[in-house]
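The structure appears right after this line, and notes come after that.
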Amino acid sequence: MDDRLWERIEPLLPVIPRKPHHPGRKRLDDRKVLCGILFVLYTGIPWEFLPQELGYGSGMTCWRRLRDWHAAGVWQRLHETLLAELNAAEALDWSRAVIDGSHVRALKGGPKTGPSPVDRARTGSKHHLITEAHGIPLAVTLTGANRNDVTQLMALIEAIPPVRGRRGRPRRRPDTLYADRGYDHDKYRKLVRDKGITPFIARRGVEHGSGLGVHRWVVEQSFALLHWFRRLRIRWEIRDDIHEAFLSLACSIICWRRLAKLSLC
């Protein structure tokens, strides 16, 4: 793990004091456990097969730590921290945002799963993502595969955190929003306008070639980066909060890579 990334994560982790009278076994170092979590995220390996000889601890230890840190809001705060740094570096383009959804199989079922309309009704989930103009993830949500994309339109806009990093009030809203035909509904166009955002949504029944793809392709690129993490290509977790923790952590890593690239320029 990059030392600079760890410097941003460490202050966000909750401090667990040892009991003076019954200390028990010494708690495994947080950085080593996080490396184990990242190993699972990158490779998709089952928790029980996590190689302990690498010093990551047991898969159960990493699983519990991921659960607890997600419940404590660590990954969300990390994502907001990195977005603020990107905003301060003028790397976020708020002139437009792009939204889309992507199906993944959920082989073990669980909450936020459903029959997939594009996978012969097999059980699946859907990742919903909103990015800024360059494809940097602003927010991500998880639903069942049978949920229509448009139902998550307002939820994703509301999920954009207040992004600091520049003088003035934190930024939460893009100027415009681009989406495909799956979001074509006049009711939602009005709701988007009520938020002060101008919607550019392709209409059903109109021939392809609207020109919106010139701007919308960045969200497909972001999904490719998100699903580059093998643990996110298929949902193996029955618990939805564990899969959401991986999603949030992956978005933070994508933001970190963009920030690290800027620092090298």
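Residues are referred to by chain and number: the chain letter is A, B, ... according to the order shown in the structure tokens, the number counts from 1 in that chain, and ligands are numbered separately from 1 in the order shown.
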Checklist line | Neighbour list for Tyr56 in chain A as a PyMOL selection string, cut-off 10 Å, only C-alpha atoms, skip fewer than 6 positions in-chain | finding: chain A and resi 28-37+39+50+62
Could you produce a table of the residues of range 89-128 of chain A lying within 7 Å of range 144-149 of chain A, with the nearest pair of atoms per residue and their separation in Å rounded to one decimal, using only C-alpha atoms, ordered by chain and increasing residue number, as CSV?
residue,atom,partner,partner_atom,distance
A:Gly101,CA,A:Asp149,CA,6.3
A:His103,CA,A:Ala145,CA,6.2
A:Lys112,CA,A:Gly144,CA,4.4
A:Thr113,CA,A:Gly144,CA,3.7
A:Gly114,CA,A:Gly144,CA,4.7
A:Pro115,CA,A:Asn146,CA,5.6
A:Ser116,CA,A:Ala145,CA,4.8
A:Pro117,CA,A:Asn146,CA,6.4
A:Gly124,CA,A:Ala145,CA,5.0
A:Ser125,CA,A:Ala145,CA,4.2
A:Lys126,CA,A:Ala145,CA,4.8
Emit the selected residues as a CSV table (one decimal), in the first residue's frame, including C-alpha atoms.
chain,number,residue,atom,x,y,z
A,101,GLY,CA,-26.2,1.3,-14.1
A,103,HIS,CA,-25.6,-5.6,-13.8
A,112,LYS,CA,-30.6,-6.0,-2.7
A,113,THR,CA,-30.7,-8.8,-5.2
A,114,GLY,CA,-33.4,-9.7,-7.7
A,115,PRO,CA,-34.1,-11.5,-11.1
A,116,SER,CA,-32.0,-9.8,-13.7
A,117,PRO,CA,-33.9,-8.8,-16.9
A,124,GLY,CA,-28.3,-10.4,-9.6
A,125,SER,CA,-27.6,-6.9,-8.3
A,126,LYS,CA,-27.1,-3.6,-10.0
Sorted by chain and rising residue number, which residues of range 16-99 of chain A lie within 6 Å of range 165-170 of chain A, and what are their closest atom pairs and distances in Å to one decimal, counting only C-alpha atoms, as a tab-separated table?
residue	atom	partner	partner_atom	distance
A:Ala84	CA	A:Gly165	CA	4.5
A:Glu85	CA	A:Gly165	CA	5.9
A:Asn87	CA	A:Gly165	CA	5.4
A:Ala88	CA	A:Gly165	CA	4.4
Margin query: So the first atom is CA of Gly57 in chain A and the second is CA of Ile253 in chain A; what is the distance between them in Å, to one decimal place?
Written below: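 About the pair CA of Gly57 in chain A and CA of Ile253 in chain A: they are 22.1 Å apart.
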